[in-house]
Amino acid sequence: MTTTDDLGSRALRIAMIATGRIADRSLAPAIAGSSEVELWSVFSRDLGRARDFAQRHRAAAPDPAFDDLAALLADPDLDAVLIASPDGLHAGQCLEAAKAGKHVLCEKPMATTSADAEKMNAACREAGVKLGIAYHLRWHRGHRILHHKVQAGEFGTLRHLRVQWPILADPSNWRARPEVGQWWGLAAVGTHCIDQIRWMMRPSCGEILRQGAQITRRVHRGPHDETALIHFEFESGATAELCTSVLFDAPRRMEIYGSDGYAICENTLGMQGTGSICTHEGDLPFSIVDPYAEEIEDFSASIREDRNPEVDGEEGLRNIELIERAIASGSP
Ligand SMILES: NC(=O)c1ccc[n+]([C@@H]2O[C@H](COP(=O)([O-])OP(=O)(O)OC[C@H]3O[C@@H](n4cnc5c(N)ncnc54)[C@H](OP(=O)(O)O)[C@@H]3O)[C@@H](O)[C@H]2O)c1
């Protein structure tokens with residue numbers, strides 16, 4: 001297992017697990033832009049795809065492409081893995097990586113059951129490796145400013161948060177099916193909304209006391225959520241609600257209401273760190289940064305500084321527990 005002393009001033013060597021959309025378009029470019037982290041090797045089900053990905057993104061290991069995860073993990077020069085495979089594969093790949101002594105940054109949601117998420121936490125704890133969960137919206141600069149303002153009481157006492165993130169999704173995608181997916185809109189974007197709710201509202205509103213949900217599956221008639229409406233009540237009496245859907249595209253919106261002020265975020269929920277935020281005081285300026293780069297650099301810093309990543313496996317587990325409760329209570 002790589003420690004602070006092993007790293008010294010060199011870059012963290014990270015392997016990409018899977019070569020899909022998020023790995024190719026967001027994670028590998030974010031790694032390439034960082035001096036703290038370098039893409040070392042790549043795992044794919046297909047060796048040709050691993051080679052192509054490794055070449056395009058300049059993986060640095062002498063022999064960087066693998067179609068055998070155990071062989072990739074056996075490399076003593078590798079420090080960490082970034083798991084960007086379908087949700088249902090995260091747990092098994094994380095357990096293997098932890099056993100090999102590699103730190104793990106795992107895409108969201110961290111697993112498809114809370115039982116698997118607990119196993120991931122236990123395995124990483126026992127191996128002494130870090131486990132970070134990739135909720136990149138924590139690194140949206142406007143959201144970070146808002147989080148600070150909310151927690152500092154600049155909107156008074158927080159009363160309500162509403163978040164809406166619909167995506168028009170293709171039912172042939174793995175998320176719509178049970179083999180390697182467990183939830184659809186809730187796994188694609190709803191889990192981010194839950195993370196924003198927990199991040200913005202805790203600790204000032206206390207913990208979630210009650211929740212309710214409505215989950216629909218009538219259009220495609222598949223096994224997974226199409227539209228999900230979930231609402232929460234916190235210990236302080238504050239409330240939150242979220243709407244995700246795979247049935248339509250519409251503006252993404254987060255609204256935060258306090259006793260003395262409010263904020264409306266338009267299209268900040270997304271991949272680019274963009275959008276706009278206005279508050280009761282007017283427009284909120286923020287700089288546009290690559291949220292994936294900041295998320296990966298925080299993970300690297302957590303190893304260098306021997307601390308938890310901003311979003312750790314326990315927080316990832318809480319998120320999954322809330323999704324499981326919503327499905328259980330809101331399904332027909
Ligand atoms: N944080 C974010 O903003 C964000 C955004 C999108 C996705 N994600 C998360 O990242 C993960 C990957 O999502 P994605 O959108 O990149 O998915 P994707 O484009 O479908 O790619 C997934 C990759 O996983 C590998 N894979 C292994 N077994 C597979 C199977 N049975 N079916 C399909 N692919 C399989 C494939 O790579 P090989 O062929 O190389 O093995 C595939 O290209 C998910 O957990 C997702 O929730 C996060």
# chains A, B, ... in the order shown; residues from 1 in each chain; ligands from 1

call {"tool": "residues_near_ligand", "arguments": {"ligand": "ligand 1", "cutoff": "7 Å", "atoms": "only C-alpha atoms and all ligand atoms", "output": "ChimeraX atom specification"}}
result
/A:18-23,43-46,49-50,84-87,107-109,134-136,174,180,187-188,271

call {"tool": "write_last_selection", "arguments": {"atoms": "N, CA, C and O atoms", "output": "JSON list (two decimals), in the first residue's frame"}}
result
[["chain", "number", "residue", "atom", "x", "y", "z"],
["A", 18, "ALA", "N", -12.11, 0.30, -16.63],
["A", 18, "ALA", "CA", -13.15, 0.47, -17.67],
["A", 18, "ALA", "C", -12.86, 1.70, -18.52],
["A", 18, "ALA", "O", -12.26, 2.68, -18.05],
["A", 19, "THR", "N", -13.30, 1.62, -19.76],
["A", 19, "THR", "CA", -12.93, 2.64, -20.74],
["A", 19, "THR", "C", -14.15, 3.33, -21.36],
["A", 19, "THR", "O", -14.13, 3.72, -22.52],
["A", 20, "GLY", "N", -15.23, 3.46, -20.56],
["A", 20, "GLY", "CA", -16.47, 4.02, -21.10],
["A", 20, "GLY", "C", -16.47, 5.53, -21.16],
["A", 20, "GLY", "O", -15.41, 6.18, -21.15],
["A", 21, "ARG", "N", -17.69, 6.08, -21.18],
["A", 21, "ARG", "CA", -17.88, 7.50, -21.46],
["A", 21, "ARG", "C", -17.23, 8.40, -20.40],
["A", 21, "ARG", "O", -16.47, 9.30, -20.74],
["A", 22, "ILE", "N", -17.51, 8.13, -19.13],
["A", 22, "ILE", "CA", -16.99, 9.04, -18.10],
["A", 22, "ILE", "C", -15.47, 8.93, -18.00],
["A", 22, "ILE", "O", -14.77, 9.92, -17.79],
["A", 23, "ALA", "N", -14.96, 7.70, -18.18],
["A", 23, "ALA", "CA", -13.51, 7.50, -18.13],
["A", 23, "ALA", "C", -12.83, 8.26, -19.26],
["A", 23, "ALA", "O", -11.82, 8.95, -19.06],
["A", 43, "PHE", "N", -7.57, -0.95, -17.44],
["A", 43, "PHE", "CA", -8.21, -2.26, -17.54],
["A", 43, "PHE", "C", -9.48, -2.14, -18.39],
["A", 43, "PHE", "O", -10.28, -1.23, -18.17],
["A", 44, "SER", "N", -9.62, -3.07, -19.33],
["A", 44, "SER", "CA", -10.85, -3.16, -20.12],
["A", 44, "SER", "C", -11.18, -4.64, -20.30],
["A", 44, "SER", "O", -10.29, -5.49, -20.20],
["A", 45, "ARG", "N", -12.45, -4.94, -20.61],
["A", 45, "ARG", "CA", -12.79, -6.33, -20.95],
["A", 45, "ARG", "C", -12.09, -6.74, -22.24],
["A", 45, "ARG", "O", -11.97, -7.92, -22.53],
["A", 46, "ASP", "N", -11.68, -5.75, -23.01],
["A", 46, "ASP", "CA", -11.10, -6.01, -24.32],
["A", 46, "ASP", "C", -9.70, -5.39, -24.37],
["A", 46, "ASP", "O", -9.53, -4.18, -24.16],
["A", 49, "ARG", "N", -9.18, -2.43, -26.66],
["A", 49, "ARG", "CA", -9.74, -1.18, -26.15],
["A", 49, "ARG", "C", -8.83, -0.60, -25.06],
["A", 49, "ARG", "O", -8.63, 0.61, -24.98],
["A", 50, "ALA", "N", -8.28, -1.47, -24.22],
["A", 50, "ALA", "CA", -7.36, -0.99, -23.16],
["A", 50, "ALA", "C", -6.14, -0.34, -23.81],
["A", 50, "ALA", "O", -5.69, 0.73, -23.38],
["A", 84, "ALA", "N", -14.49, 3.01, -12.92],
["A", 84, "ALA", "CA", -15.45, 3.73, -13.76],
["A", 84, "ALA", "C", -16.25, 2.73, -14.60],
["A", 84, "ALA", "O", -16.59, 3.00, -15.75],
["A", 85, "SER", "N", -16.53, 1.59, -14.01],
["A", 85, "SER", "CA", -17.31, 0.54, -14.67],
["A", 85, "SER", "C", -18.79, 0.69, -14.27],
["A", 85, "SER", "O", -19.13, 1.52, -13.42],
["A", 86, "PRO", "N", -19.69, -0.12, -14.84],
["A", 86, "PRO", "CA", -21.08, -0.07, -14.41],
["A", 86, "PRO", "C", -21.22, -0.35, -12.90],
["A", 86, "PRO", "O", -20.42, -1.09, -12.32],
["A", 87, "ASP", "N", -22.26, 0.23, -12.32],
["A", 87, "ASP", "CA", -22.43, 0.24, -10.85],
["A", 87, "ASP", "C", -22.31, -1.16, -10.21],
["A", 87, "ASP", "O", -21.73, -1.32, -9.15],
["A", 107, "GLU", "N", -16.46, 5.45, -8.79],
["A", 107, "GLU", "CA", -17.58, 6.24, -9.32],
["A", 107, "GLU", "C", -18.84, 5.99, -8.50],
["A", 107, "GLU", "O", -18.99, 4.98, -7.82],
["A", 108, "LYS", "N", -19.76, 6.92, -8.60],
["A", 108, "LYS", "CA", -21.02, 6.84, -7.88],
["A", 108, "LYS", "C", -22.04, 6.06, -8.70],
["A", 108, "LYS", "O", -21.89, 6.05, -9.92],
["A", 109, "PRO", "N", -23.06, 5.46, -8.13],
["A", 109, "PRO", "CA", -23.14, 5.11, -6.72],
["A", 109, "PRO", "C", -22.11, 4.03, -6.44],
["A", 109, "PRO", "O", -21.78, 3.24, -7.33],
["A", 134, "ALA", "N", -16.88, 9.24, -6.03],
["A", 134, "ALA", "CA", -16.68, 10.35, -6.98],
["A", 134, "ALA", "C", -17.95, 11.19, -7.20],
["A", 134, "ALA", "O", -18.53, 11.16, -8.28],
["A", 135, "TYR", "N", -18.33, 11.95, -6.18],
["A", 135, "TYR", "CA", -19.44, 12.90, -6.34],
["A", 135, "TYR", "C", -18.83, 14.24, -6.76],
["A", 135, "TYR", "O", -18.58, 15.12, -5.93],
["A", 136, "HIS", "N", -18.61, 14.39, -8.07],
["A", 136, "HIS", "CA", -17.81, 15.51, -8.55],
["A", 136, "HIS", "C", -18.47, 16.87, -8.29],
["A", 136, "HIS", "O", -17.81, 17.89, -8.30],
["A", 174, "TRP", "N", -27.18, -0.11, -20.04],
["A", 174, "TRP", "CA", -27.09, -1.05, -18.92],
["A", 174, "TRP", "C", -27.81, -0.57, -17.67],
["A", 174, "TRP", "O", -28.26, -1.38, -16.85],
["A", 180, "VAL", "N", -26.00, -5.38, -14.61],
["A", 180, "VAL", "CA", -24.94, -4.63, -13.92],
["A", 180, "VAL", "C", -25.45, -3.28, -13.39],
["A", 180, "VAL", "O", -24.66, -2.42, -13.00],
["A", 187, "ALA", "N", -29.58, 6.19, -10.12],
["A", 187, "ALA", "CA", -28.14, 5.91, -10.13],
["A", 187, "ALA", "C", -27.40, 6.88, -11.03],
["A", 187, "ALA", "O", -26.28, 7.29, -10.73],
["A", 188, "ALA", "N", -28.04, 7.27, -12.14],
["A", 188, "ALA", "CA", -27.37, 8.17, -13.08],
["A", 188, "ALA", "C", -27.19, 9.56, -12.45],
["A", 188, "ALA", "O", -26.09, 10.11, -12.45],
["A", 271, "MET", "N", -21.72, 18.32, -15.87],
["A", 271, "MET", "CA", -20.35, 17.82, -15.87],
["A", 271, "MET", "C", -19.30, 18.90, -16.01],
["A", 271, "MET", "O", -18.11, 18.63, -15.84]]

call {"tool": "residues_around", "arguments": {"residues": "range 309-322 of chain A", "least_positions_apart": "6", "cutoff": "10 Å", "atoms": "only C-alpha atoms", "output": "MDAnalysis selection string"}}
result
chainID A and resid 104:118 120:122 124:125 130:136 138:139 186:187 190:195 198:199 208 211 230 232 295:303 328

call {"tool": "select_by_dssp", "arguments": {"residues": "range 147-310 of chain A", "states": "helix (DSSP H, G or I)", "output": "number ranges by chain"}}
result
A: 147-151, 174-176, 185-201, 291-304

call {"tool": "residues_around", "arguments": {"residues": "Gly48 in chain A", "least_positions_apart": "6", "cutoff": "10 Å", "atoms": "only C-alpha atoms", "output": "ChimeraX atom specification"}}
result
/A:54,65-67

call {"tool": "write_last_selection", "arguments": {"atoms": "C-alpha atoms", "output": "short mmCIF file (atom, residue, chain, number, x, y, z; two decimals), in the first residue's frame"}}
result
data_model
loop_
_atom_site.label_atom_id
_atom_site.label_comp_id
_atom_site.auth_asym_id
_atom_site.auth_seq_id
_atom_site.Cartn_x
_atom_site.Cartn_y
_atom_site.Cartn_z
CA ALA A 54 -3.83 3.82 -22.82
CA ALA A 65 -2.96 -2.21 -21.03
CA PHE A 66 -4.73 -5.13 -19.30
CA ASP A 67 -7.77 -7.33 -19.79
#

call {"tool": "select_by_dssp", "arguments": {"residues": "range 20-211 of chain A", "states": "strand (DSSP E or B)", "output": "number ranges by chain"}}
result
A: 37-43, 65-66, 80-83, 103-107, 131-134, 158-166, 208-211

call {"tool": "write_last_selection", "arguments": {"atoms": "C-alpha atoms", "output": "PDB file, in the first residue's frame"}}
result
ATOM      1  CA  VAL A  37      -1.810  12.276 -10.513  1.00  0.00           C
ATOM      2  CA  GLU A  38      -0.782  10.305 -13.598  1.00  0.00           C
ATOM      3  CA  LEU A  39      -2.659   7.685 -15.591  1.00  0.00           C
ATOM      4  CA  TRP A  40      -0.498   4.615 -15.124  1.00  0.00           C
ATOM      5  CA  SER A  41      -2.454   1.693 -16.576  1.00  0.00           C
ATOM      6  CA  VAL A  42      -5.861   0.710 -17.943  1.00  0.00           C
ATOM      7  CA  PHE A  43      -8.215  -2.264 -17.545  1.00  0.00           C
ATOM      8  CA  ALA A  65      -2.962  -2.214 -21.031  1.00  0.00           C
ATOM      9  CA  PHE A  66      -4.731  -5.130 -19.295  1.00  0.00           C
ATOM     10  CA  ALA A  80      -4.482   3.416  -6.816  1.00  0.00           C
ATOM     11  CA  VAL A  81      -7.413   2.585  -9.087  1.00  0.00           C
ATOM     12  CA  LEU A  82     -10.274   4.696 -10.397  1.00  0.00           C
ATOM     13  CA  ILE A  83     -13.315   2.448 -10.862  1.00  0.00           C
ATOM     14  CA  HIS A 103      -6.248   2.921  -2.847  1.00  0.00           C
ATOM     15  CA  VAL A 104      -9.684   3.210  -4.492  1.00  0.00           C
ATOM     16  CA  LEU A 105     -11.565   6.127  -6.001  1.00  0.00           C
ATOM     17  CA  CYS A 106     -14.930   4.722  -7.069  1.00  0.00           C
ATOM     18  CA  GLU A 107     -17.577   6.241  -9.322  1.00  0.00           C
ATOM     19  CA  LEU A 131     -11.839   4.781  -0.392  1.00  0.00           C
ATOM     20  CA  GLY A 132     -13.231   7.888  -2.087  1.00  0.00           C
ATOM     21  CA  ILE A 133     -16.590   8.154  -3.876  1.00  0.00           C
ATOM     22  CA  ALA A 134     -16.679  10.348  -6.977  1.00  0.00           C
ATOM     23  CA  LEU A 158     -32.150  26.522   6.338  1.00  0.00           C
ATOM     24  CA  ARG A 159     -35.799  25.573   5.706  1.00  0.00           C
ATOM     25  CA  HIS A 160     -36.074  23.756   2.362  1.00  0.00           C
ATOM     26  CA  LEU A 161     -34.036  22.448  -0.587  1.00  0.00           C
ATOM     27  CA  ARG A 162     -35.530  21.375  -3.901  1.00  0.00           C
ATOM     28  CA  VAL A 163     -33.544  19.678  -6.652  1.00  0.00           C
ATOM     29  CA  GLN A 164     -34.636  18.539 -10.115  1.00  0.00           C
ATOM     30  CA  TRP A 165     -32.414  16.668 -12.582  1.00  0.00           C
ATOM     31  CA  PRO A 166     -34.158  14.932 -15.493  1.00  0.00           C
ATOM     32  CA  ILE A 208     -32.707  12.859   8.164  1.00  0.00           C
ATOM     33  CA  LEU A 209     -35.603  11.751  10.377  1.00  0.00           C
ATOM     34  CA  ARG A 210     -38.193  10.666   7.794  1.00  0.00           C
ATOM     35  CA  GLN A 211     -38.454  10.152   4.066  1.00  0.00           C
TER      36      GLN A 211
END

call {"tool": "atom_distance", "arguments": {"atom1": "CA of Ile14 in chain A", "atom2": "CA of Arg141 in chain A"}}
result
24.9 Å

call {"tool": "residues_around", "arguments": {"residues": "Glu96 in chain A", "least_positions_apart": "5", "cutoff": "9 Å", "atoms": "only C-alpha atoms", "output": "NGL selection string"}}
result
:A and (69-70 or 73 or 91 or 101-102)

call {"tool": "write_last_selection", "arguments": {"atoms": "C-alpha atoms", "output": "mmCIF file, in the first residue's frame"}}
result
data_model
loop_
_atom_site.group_PDB
_atom_site.id
_atom_site.type_symbol
_atom_site.label_atom_id
_atom_site.label_comp_id
_atom_site.auth_asym_id
_atom_site.auth_seq_id
_atom_site.Cartn_x
_atom_site.Cartn_y
_atom_site.Cartn_z
ATOM 1 C CA LEU A 69 -7.695 -7.127 -13.415
ATOM 2 C CA ALA A 70 -5.559 -9.319 -11.143
ATOM 3 C CA LEU A 73 -3.345 -5.017 -9.586
ATOM 4 C CA ALA A 91 -17.959 -3.769 -5.302
ATOM 5 C CA GLY A 101 -3.266 -2.885 -1.306
ATOM 6 C CA LYS A 102 -4.369 -0.245 -3.837
#

call {"tool": "atom_distance", "arguments": {"atom1": "CA of His90 in chain A", "atom2": "CA of Ile17 in chain A"}}
result
9.5 Å

call {"tool": "closest_residue", "arguments": {"among": "A:Arg252, A:Arg307, A:His231, A:Arg56", "to": "Asn267 in chain A", "atoms": "only C-alpha atoms"}}
result
A:Arg252

call {"tool": "atom_distance", "arguments": {"atom1": "CA of Phe248 in chain A", "atom2": "CA of Ala169 in chain A"}}
result
7.9 Å
